[in-house]
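Shown next, in structure tokens, is the structure this report addresses.
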Amino acid sequence: MSKVETTHQKGGRPTINKTTAIAVDGPAGAGKSTVARKVAEKLGFLYVDTGAMYRALTLFALRRGVPINNDEALSELIKQVRLDVKPGRILLNGEDVTVPIRSPEVSRHVSLVARLPSVRRYLLKLQRELAANVNVVMEGRDIGTVVLPEADKKFFITASVAERAKRRRQDLLTQGHDISVEKLEKEIAERDLLDSTRDIAPLKPASDAIFIDTTRMTIQEVVDRIVSEVQGNR
């Protein structure tokens with residue numbers, strides 16, 4: 001992406017402000033959130049979890065009882081929403097919803113919300129504004145293909161469905177939710193299908209993305225690989 005903005009110091013000498021964008025895409029449960037967050041910390045960039053943004057809107061819709069597959073209703077609901085992205089946190093109308101958005105109920109519905117044109121238009125604008133103003137490591141499902149197609153580096157992170165279900169179960173257990181691996185495998189496979197076949201911004205690797213299968217890799221190995229790739233081109 002490398003957006004260059006020119007400003008002028010006193011005396012007329014120009015200074016150049018350059019922002020760098022790193023795109024991290026992949027399916028649910030591949031570990032991209034943890035990896036992207038650690039990469040951002042290592043580089044001193046802002047970590048932006050776009051999935052959390054969709055989850056926050058899903059949570060708001062569920063709380064308000066708004067039909068989550070109704071684009072017109074969600075379009076009206078969005079007018080009542082203010083999202084703020086902070087390091088490691090996301091605020092919905094001033095409330096820290098970082099934990100509530102990870103509930104199983106939100107996970108079951110977020111793909112349906114993410115398919116709606118009004119939702120995608122709203123969040124696309126916010127996401128591009130963030131990347132235009134600060135250095136970002138932005139992760140999601142269509143960052144390298146739609147949100148930031150000119151990102152400086154693009155990565156597509158994946159893992160087997162079995163491994164992703166195992167990781168998801170561990171995350172849910174820490175939150176007090178006990179769901180079987182078998183049920184999670186089924187939900188993940190269904191979500192993969194929804195994400196990869198939706199008409200708007202389907203899940204797929206960008207043609208110039210670096211593909212990383214994390215099934216047999218540790219988090220630190222993946223982080224080191226990405227940081228090495230980024231720093232080798234800075």
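Chain labels A, B, ... are given in the sequence in which chains occur in the structure tokens; within each chain residues are numbered consecutively from 1, and ligands are likewise numbered from 1 in the order shown.
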
Could you produce a table of the residues of stretch 40-157 of chain A lying within 8 Å of stretch 206-216 of chain A, with the nearest pair of atoms per residue and their separation in Å rounded to one decimal, using only C-alpha atoms, ordered by chain and increasing residue number, as a Markdown table?
```
| residue | atom | partner | partner_atom | distance |
| --- | --- | --- | --- | --- |
| A:Gly144 | CA | A:Ala206 | CA | 5.6 |
| A:Thr145 | CA | A:Ala206 | CA | 5.2 |
| A:Lys153 | CA | A:Ala209 | CA | 7.4 |
| A:Lys154 | CA | A:Ala209 | CA | 4.6 |
| A:Phe155 | CA | A:Ile210 | CA | 4.6 |
| A:Phe156 | CA | A:Phe211 | CA | 4.8 |
| A:Ile157 | CA | A:Ile212 | CA | 4.9 |
```

Please report, as a tab-separated table, each residue of stretch 12-81 of chain A lying at most 9 Å from stretch 169-190 of chain A, together with the nearest pair of atoms and the separation in Å rounded to one decimal; use only C-alpha atoms, and order rows by chain and ascending residue number.
```
residue	atom	partner	partner_atom	distance
A:Pro27	CA	A:Ile188	CA	8.6
A:Ala28	CA	A:Ile188	CA	6.8
A:Gly29	CA	A:Ile188	CA	7.9
```

Taking N, CA and C atoms for each residue, export the selection above as a PDB file, in the first residue's frame.
```pdb
ATOM      1  N   PRO A  27      -9.056 -18.622   6.868  1.00  0.00           N
ATOM      2  CA  PRO A  27     -10.348 -19.088   7.384  1.00  0.00           C
ATOM      3  C   PRO A  27     -10.415 -19.042   8.895  1.00  0.00           C
ATOM      4  N   ALA A  28     -11.592 -19.288   9.438  1.00  0.00           N
ATOM      5  CA  ALA A  28     -11.814 -19.264  10.884  1.00  0.00           C
ATOM      6  C   ALA A  28     -10.972 -20.320  11.584  1.00  0.00           C
ATOM      7  N   GLY A  29     -10.345 -19.926  12.685  1.00  0.00           N
ATOM      8  CA  GLY A  29      -9.605 -20.872  13.506  1.00  0.00           C
ATOM      9  C   GLY A  29      -8.210 -21.198  13.037  1.00  0.00           C
TER      10      GLY A  29
END
```

| task | Mind checking which residues fall within 12 Å of A:Gly94, counting only C-alpha atoms, ignoring those fewer than 4 positions away in the same chain, and posting them as a ChimeraX atom specification? | result | /A:56,81-86,89-90,98

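With distances restricted to only C-alpha atoms, A:Ala30 is the closest residue to A:Met217 from A:Ala30, A:Ile68, A:Val146, A:Val230.
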
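Here the question is which of A:Arg191, A:Lys42, A:Lys18, A:Arg55 gets nearest to A:Asn135 using only C-alpha atoms, and that residue is A:Lys18.
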
| field | All residues 12 Å or closer to A:Ser228, only C-alpha atoms, same chain fewer than 6 positions away omitted, as a VMD selection string | value | chain A and resid 39 42 to 43 153 220 to 222 234

| query | Restricting the calculation to only C-alpha atoms, which member of A:Leu74, A:Leu148, A:Ala52, A:Ala132 is positioned closest to A:Val99? | reply | A:Ala52

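Residue nearest A:Leu112 within the list A:Thr197, A:Gln127, A:Thr218, A:Ser160: A:Thr197 [criterion: smallest interatomic distance, only C-alpha atoms].
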
| request: From a DSSP pass on the backbone, collect the residues of stretch 130-176 of chain A flagged as strand (DSSP E or B) and hand them back as a VMD selection string. | output: chain A and resid 136 to 140 153 to 158

Store the residues picked out above, limited to C-alpha atoms, as a tab-separated table (two decimals), in the first residue's frame.
```
chain	number	residue	atom	x	y	z
A	136	VAL	CA	-1.36	-1.59	10.33
A	137	VAL	CA	-1.35	-5.35	10.45
A	138	MET	CA	-4.91	-6.01	9.34
A	139	GLU	CA	-6.43	-9.47	9.40
A	140	GLY	CA	-9.63	-10.96	8.10
A	153	LYS	CA	2.77	-7.61	2.11
A	154	LYS	CA	-0.01	-10.19	2.01
A	155	PHE	CA	-0.24	-13.49	3.85
A	156	PHE	CA	-2.84	-16.25	3.70
A	157	ILE	CA	-2.82	-18.42	6.84
A	158	THR	CA	-4.67	-21.71	7.04
```

| task | Enumerate as a count of residues only all residues of stretch 50-224 of chain A assigned to alpha helix (DSSP H) by DSSP on the backbone, naming them with the chain letters and numbers the document uses. | result | 88

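Computed from the coordinates, the atom CA of A:Asn93 to atom CA of A:Thr20 distance equals 28.2 Å.
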
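When only C-alpha atoms are used to compute distances to A:Ala36, the closest of the residues A:Arg63, A:Glu72, A:Gly88, A:Val223 turns out to be A:Val223.
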
| field | Point-to-point distance in Å for atom CA of A:Met53 and atom CA of A:Tyr122 | value | 10.4 Å

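If you measure from each of A:Val134, A:Val161, A:Val110, A:Arg64 to A:Ala40 using only C-alpha atoms, the closest one turns out to be A:Val134.
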